[in-house]
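Below you'll find the structure, written out as structure tokens, and then a few comments.
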Amino acid sequence: MKTPDKKLWSGRFSSNPTTQTISFSHSIEADTRLIKYDIWGSQVHAIMLERQGIISEHDLREILHWLGKVEDDYQSGNFILDINKEDVHMNVESYLIENAGREFGGKLHTARSRNDQVLVDAHLYIREEILNVQRGISSLCDAFLNIAKLHVSTVMPGYTHTQHAQPISLAFWATAYVSMFLRDQKRLLAAYKLTNTNPLGACALAGTSFPIDRQLTTELLGFDSPHEHALDVISSRDFIAETLFALSMVMANLSRLSEEIVYWTTFEFSMAVLDDAYSSGSSIMPQKKNPDIAELTRGRTGRVYGALMDLLTNLKGLPLGYNRDFQEDKPPLWEAFDIVNDCLEILPHLIESTEFKTERMAELVNANFATATELANYLVKEHQISFRESHEIVGWLVGELVKQNLTFSDWDHTHTLLKQKEVDISISKLQNILDPAFALENNQSLGGTSPKEVCRMIDRFQIQLDDFNKIIYTNQIKIEDAHKMTVHEIDKIFNK
């Protein structure tokens, strides 16, 4: 069996790992996403080493020159990770040693381990992916707020147990999703804060005897603060678990939305019609128009849940310090990010292009006693009947009407049945009480369905969304400014 080239860590070993061993243990596929972050982290580490007098300015120039070369090769598509070099870190360092020589390239790894290096790369990548997800959620919230602003008084049935419950408005439904997705923003922001700490300088697990400056690397990499405890740094993957939980909740909420899209667009509900661009047909049934985007979103949710369970299972038995099991943390996270970002890329367009059948919603809300609670409440307020007794009277009324295949809209019969319970309400008054629009208007409690309250929530949610967008923008600018600062430091070195 072929024996690969000698490894950078091979001093202790009398033979190299076999090709089979390399094939089993490499992380090249997952690491490809980390190349530019590994280069940035290496540039910052080298700048810090020179600033602290650990390497010379001449050493730094050579290291930065070849890091610039590998960055150029990567951007032009000419730097491909070699499986025989195990991972992105060994590939980048080998490039330096092969081109600058061991006397220069070999100094880059001073006061650094692959253990803290891989964490730097992961933190840098994950924080940007979190921001991408947050931007996608903001776009989805915008789509729902636009619907809400147009349909504050559009009456539709609200559901519990997938049965008609009480009248709500389409705006009330839409703002419920905005409220839900704003909580996702909070969870993602919490995950971002955990992620945006600097692991560089923890080294293998115990720190280092070299006089490193972890505040400098924190600043140049745009982190909020160093993650201090070296052993905890190397042992920690909870920032990934927190991120995966936040992503899982995003998918749970997207899946719930997808479920409603699926049944709202059925012939039986007929409350919404998807744009042809976001639907598909059948290979055998010419009449079909299928909600595939919603179904695929619903179906892919399990893969994101699986990524979270994968990581939690990985972590549960690991002692402190680095364990190679940690290499398995990235593939499921990368897949989870891809799935969530793909869903958030398409769903705002699907929602914006959906036609909501407002006449059908009005028809449904009037067809199945959705205003029964309003009648019970009226009996409590105006007839001084206890709620339980009122509930019983209205429940009996509904039962009698159902037996005769009638609804509240059969006003004469409704009026007659109520009189049998010694409740005398004029037909004109009944028509007012049992009007779904009146029910909307009447529920003026905080968070209720009244148009005024819904408009207040639209304004409030818009403010909250704007605040999140400012945070997302600020975090992105901080990352970009940190990279510009690193580039500026590099330019200063070469312009001396």
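By order in the structure tokens, chains are A, B, ...; within a chain, residues start at 1; ligands start at 1, following the order shown.
Residue neighbourhood of Ile425 in chain A, excluding near-sequence residues (fewer than 4 positions): His415, Lys429 and Leu430 of chain A, at 7 Å, using only C-alpha atoms.
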Save out the residues we just selected, all heavy atoms, as an mmCIF file, in the first residue's frame.
data_model
loop_
_atom_site.group_PDB
_atom_site.id
_atom_site.type_symbol
_atom_site.label_atom_id
_atom_site.label_comp_id
_atom_site.auth_asym_id
_atom_site.auth_seq_id
_atom_site.Cartn_x
_atom_site.Cartn_y
_atom_site.Cartn_z
ATOM 1 N N HIS A 415 -82.787 32.693 16.545
ATOM 2 C CA HIS A 415 -83.532 33.524 17.491
ATOM 3 C C HIS A 415 -84.529 32.694 18.284
ATOM 4 O O HIS A 415 -84.649 32.814 19.521
ATOM 5 C CB HIS A 415 -84.255 34.638 16.715
ATOM 6 C CG HIS A 415 -85.095 35.510 17.572
ATOM 7 N ND1 HIS A 415 -86.477 35.347 17.675
ATOM 8 C CD2 HIS A 415 -84.784 36.552 18.393
ATOM 9 C CE1 HIS A 415 -86.960 36.245 18.497
ATOM 10 N NE2 HIS A 415 -85.950 36.999 18.941
ATOM 11 N N LYS A 429 -79.706 42.402 16.394
ATOM 12 C CA LYS A 429 -78.625 42.361 17.373
ATOM 13 C C LYS A 429 -77.789 41.101 17.203
ATOM 14 O O LYS A 429 -76.553 41.139 17.286
ATOM 15 C CB LYS A 429 -79.203 42.416 18.794
ATOM 16 C CG LYS A 429 -78.140 42.570 19.883
ATOM 17 C CD LYS A 429 -77.442 43.916 19.762
ATOM 18 C CE LYS A 429 -76.428 44.126 20.869
ATOM 19 N NZ LYS A 429 -75.683 45.377 20.714
ATOM 20 N N LEU A 430 -78.458 39.984 16.953
ATOM 21 C CA LEU A 430 -77.736 38.733 16.712
ATOM 22 C C LEU A 430 -76.799 38.862 15.515
ATOM 23 O O LEU A 430 -75.655 38.389 15.538
ATOM 24 C CB LEU A 430 -78.727 37.592 16.461
ATOM 25 C CG LEU A 430 -79.331 36.896 17.682
ATOM 26 C CD1 LEU A 430 -80.391 35.899 17.247
ATOM 27 C CD2 LEU A 430 -78.247 36.191 18.498
#
Near Trp411 in chain A, within 10 Å and counting only C-alpha atoms, which residues show up once chain neighbours fewer than 4 positions away are dropped, as a PDB file with N, CA, C and O atoms, in the first residue's frame?
ATOM      1  N   LEU A 406     -78.143  23.590   9.895  1.00  0.00           N
ATOM      2  CA  LEU A 406     -78.287  25.035   9.815  1.00  0.00           C
ATOM      3  C   LEU A 406     -77.068  25.706  10.436  1.00  0.00           C
ATOM      4  O   LEU A 406     -76.246  25.052  11.086  1.00  0.00           O
ATOM      5  N   THR A 407     -76.946  27.019  10.266  1.00  0.00           N
ATOM      6  CA  THR A 407     -75.883  27.802  10.884  1.00  0.00           C
ATOM      7  C   THR A 407     -76.504  29.002  11.599  1.00  0.00           C
ATOM      8  O   THR A 407     -77.718  29.217  11.554  1.00  0.00           O
ATOM      9  N   HIS A 415     -82.787  32.693  16.545  1.00  0.00           N
ATOM     10  CA  HIS A 415     -83.532  33.524  17.491  1.00  0.00           C
ATOM     11  C   HIS A 415     -84.529  32.694  18.284  1.00  0.00           C
ATOM     12  O   HIS A 415     -84.649  32.814  19.521  1.00  0.00           O
ATOM     13  N   THR A 416     -85.247  31.790  17.600  1.00  0.00           N
ATOM     14  CA  THR A 416     -86.259  30.947  18.256  1.00  0.00           C
ATOM     15  C   THR A 416     -85.623  29.999  19.261  1.00  0.00           C
ATOM     16  O   THR A 416     -86.137  29.822  20.379  1.00  0.00           O
ATOM     17  N   LEU A 417     -84.527  29.383  18.883  1.00  0.00           N
ATOM     18  CA  LEU A 417     -83.859  28.449  19.794  1.00  0.00           C
ATOM     19  C   LEU A 417     -83.365  29.154  21.051  1.00  0.00           C
ATOM     20  O   LEU A 417     -83.489  28.615  22.172  1.00  0.00           O
ATOM     21  N   SER A 426     -82.755  40.315  19.740  1.00  0.00           N
ATOM     22  CA  SER A 426     -83.343  40.606  18.430  1.00  0.00           C
ATOM     23  C   SER A 426     -82.449  40.085  17.314  1.00  0.00           C
ATOM     24  O   SER A 426     -81.226  39.943  17.489  1.00  0.00           O
ATOM     25  N   ILE A 427     -83.086  39.813  16.163  1.00  0.00           N
ATOM     26  CA  ILE A 427     -82.331  39.291  15.027  1.00  0.00           C
ATOM     27  C   ILE A 427     -81.266  40.296  14.578  1.00  0.00           C
ATOM     28  O   ILE A 427     -80.127  39.919  14.273  1.00  0.00           O
ATOM     29  N   SER A 428     -81.599  41.563  14.562  1.00  0.00           N
ATOM     30  CA  SER A 428     -80.606  42.566  14.142  1.00  0.00           C
ATOM     31  C   SER A 428     -79.424  42.587  15.111  1.00  0.00           C
ATOM     32  O   SER A 428     -78.275  42.743  14.698  1.00  0.00           O
ATOM     33  N   LEU A 430     -78.458  39.984  16.953  1.00  0.00           N
ATOM     34  CA  LEU A 430     -77.736  38.733  16.712  1.00  0.00           C
ATOM     35  C   LEU A 430     -76.799  38.862  15.515  1.00  0.00           C
ATOM     36  O   LEU A 430     -75.655  38.389  15.538  1.00  0.00           O
ATOM     37  N   GLN A 431     -77.310  39.479  14.480  1.00  0.00           N
ATOM     38  CA  GLN A 431     -76.486  39.648  13.285  1.00  0.00           C
ATOM     39  C   GLN A 431     -75.235  40.474  13.569  1.00  0.00           C
ATOM     40  O   GLN A 431     -74.169  40.220  13.003  1.00  0.00           O
TER      41      GLN A 431
END
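The shortest atom-to-atom distance to Ala362 in chain A, with only C-alpha atoms taken into account, belongs to A:Ser169 out of A:Ser169, A:Gln384, A:Thr297, A:Ser76.
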Practice item. From the DSSP assignment of the backbone, select every residue of range 275-472 of chain A that is strand (DSSP E or B), and format the answer as a ChimeraX atom specification. Key: /A:280,290,355-356
Contact residues around range 188-198 of chain A with only C-alpha atoms at 7 Å, ignoring same-chain residues under 3 positions, as a compact mmCIF listing (two decimals) with all heavy atoms, in the first residue's frame:
# COMPACT_ATOMS: atom_id res chain seq x y z
N VAL A 120 -10.67 28.86 15.62
CA VAL A 120 -10.68 30.20 15.02
C VAL A 120 -11.41 30.17 13.68
O VAL A 120 -12.31 30.97 13.42
CB VAL A 120 -9.25 30.75 14.83
CG1 VAL A 120 -9.28 32.03 14.00
CG2 VAL A 120 -8.59 31.02 16.17
N HIS A 123 -15.19 29.63 14.22
CA HIS A 123 -15.84 30.83 14.76
C HIS A 123 -16.02 31.89 13.67
O HIS A 123 -17.09 32.51 13.57
CB HIS A 123 -15.03 31.41 15.92
CG HIS A 123 -15.23 30.71 17.23
ND1 HIS A 123 -15.94 31.27 18.27
CD2 HIS A 123 -14.81 29.51 17.69
CE1 HIS A 123 -15.94 30.44 19.30
NE2 HIS A 123 -15.25 29.36 18.97
N ARG A 127 -19.97 32.69 12.41
CA ARG A 127 -20.60 33.97 12.70
C ARG A 127 -21.15 34.61 11.42
O ARG A 127 -22.21 35.24 11.43
CB ARG A 127 -19.64 34.91 13.42
CG ARG A 127 -18.49 35.44 12.59
CD ARG A 127 -17.58 36.34 13.39
NE ARG A 127 -16.49 36.86 12.55
CZ ARG A 127 -15.49 37.61 13.02
NH1 ARG A 127 -15.45 37.93 14.29
NH2 ARG A 127 -14.56 38.03 12.19
N ILE A 130 -24.37 32.76 10.47
CA ILE A 130 -25.49 33.20 11.33
C ILE A 130 -26.07 34.49 10.79
O ILE A 130 -27.30 34.66 10.72
CB ILE A 130 -25.03 33.36 12.79
CG1 ILE A 130 -24.72 31.99 13.41
CG2 ILE A 130 -26.11 34.08 13.62
CD1 ILE A 130 -24.10 32.07 14.80
N ASP A 184 -36.76 33.83 16.72
CA ASP A 184 -35.63 33.17 16.07
C ASP A 184 -34.45 34.13 15.97
O ASP A 184 -33.30 33.72 16.16
CB ASP A 184 -36.02 32.69 14.68
CG ASP A 184 -36.86 31.42 14.71
OD1 ASP A 184 -36.57 30.55 15.54
OD2 ASP A 184 -37.81 31.31 13.91
N GLN A 185 -34.73 35.39 15.66
CA GLN A 185 -33.65 36.38 15.60
C GLN A 185 -32.95 36.50 16.96
O GLN A 185 -31.72 36.63 17.02
CB GLN A 185 -34.19 37.75 15.17
CG GLN A 185 -34.68 37.83 13.73
CD GLN A 185 -33.55 37.87 12.71
OE1 GLN A 185 -32.54 37.20 12.87
NE2 GLN A 185 -33.73 38.64 11.66
N THR A 218 -7.76 39.36 18.99
CA THR A 218 -9.21 39.57 19.12
C THR A 218 -9.64 40.77 18.29
O THR A 218 -10.64 40.72 17.56
CB THR A 218 -9.58 39.79 20.59
OG1 THR A 218 -9.30 38.59 21.33
CG2 THR A 218 -11.05 40.14 20.75
N PHE A 223 -13.43 39.89 16.85
CA PHE A 223 -14.17 39.23 17.93
C PHE A 223 -14.52 40.24 19.02
O PHE A 223 -13.85 41.27 19.17
CB PHE A 223 -13.36 38.09 18.53
CG PHE A 223 -13.20 36.89 17.63
CD1 PHE A 223 -11.95 36.47 17.21
CD2 PHE A 223 -14.31 36.18 17.21
CE1 PHE A 223 -11.80 35.36 16.39
CE2 PHE A 223 -14.19 35.07 16.38
CZ PHE A 223 -12.92 34.66 15.97
N ASP A 224 -15.55 39.91 19.79
CA ASP A 224 -15.95 40.80 20.89
C ASP A 224 -14.99 40.72 22.06
O ASP A 224 -14.74 41.71 22.75
CB ASP A 224 -17.37 40.45 21.37
CG ASP A 224 -18.43 40.79 20.33
OD1 ASP A 224 -18.20 41.71 19.53
OD2 ASP A 224 -19.48 40.12 20.33
N SER A 225 -14.46 39.52 22.31
CA SER A 225 -13.58 39.32 23.47
C SER A 225 -12.85 38.00 23.29
O SER A 225 -13.28 37.14 22.50
CB SER A 225 -14.40 39.29 24.77
OG SER A 225 -15.32 38.19 24.74
N PRO A 226 -11.75 37.80 24.04
CA PRO A 226 -11.12 36.48 24.03
C PRO A 226 -11.98 35.49 24.81
O PRO A 226 -12.66 35.87 25.78
CB PRO A 226 -9.78 36.70 24.75
CG PRO A 226 -9.62 38.18 24.88
CD PRO A 226 -11.00 38.77 24.87
N HIS A 227 -11.98 34.25 24.39
CA HIS A 227 -12.50 33.16 25.23
C HIS A 227 -11.34 32.76 26.11
O HIS A 227 -10.34 32.22 25.63
CB HIS A 227 -12.99 32.01 24.36
CG HIS A 227 -13.62 30.90 25.12
ND1 HIS A 227 -14.32 29.88 24.51
CD2 HIS A 227 -13.69 30.62 26.45
CE1 HIS A 227 -14.77 29.03 25.42
NE2 HIS A 227 -14.39 29.46 26.61
N PHE A 239 -21.01 26.46 21.43
CA PHE A 239 -21.43 27.53 20.53
C PHE A 239 -22.01 26.94 19.24
O PHE A 239 -22.90 27.53 18.62
CB PHE A 239 -20.26 28.48 20.22
CG PHE A 239 -19.17 27.91 19.37
CD1 PHE A 239 -19.11 28.19 18.02
CD2 PHE A 239 -18.18 27.09 19.91
CE1 PHE A 239 -18.09 27.68 17.22
CE2 PHE A 239 -17.16 26.58 19.13
CZ PHE A 239 -17.11 26.87 17.78
N GLU A 242 -25.48 25.58 20.31
CA GLU A 242 -26.41 26.70 20.42
C GLU A 242 -26.87 27.14 19.03
O GLU A 242 -28.06 27.42 18.80
CB GLU A 242 -25.72 27.87 21.13
CG GLU A 242 -26.64 29.00 21.52
CD GLU A 242 -27.36 28.75 22.84
OE1 GLU A 242 -26.95 27.85 23.58
OE2 GLU A 242 -28.35 29.46 23.12
N THR A 243 -25.94 27.18 18.10
CA THR A 243 -26.27 27.57 16.72
C THR A 243 -27.21 26.54 16.09
O THR A 243 -28.21 26.90 15.46
CB THR A 243 -24.99 27.70 15.88
OG1 THR A 243 -24.15 28.70 16.46
CG2 THR A 243 -25.31 28.08 14.45
N ALA A 246 -30.68 26.90 17.46
CA ALA A 246 -31.36 28.04 16.85
C ALA A 246 -31.81 27.71 15.43
O ALA A 246 -32.93 28.05 15.02
CB ALA A 246 -30.44 29.27 16.85
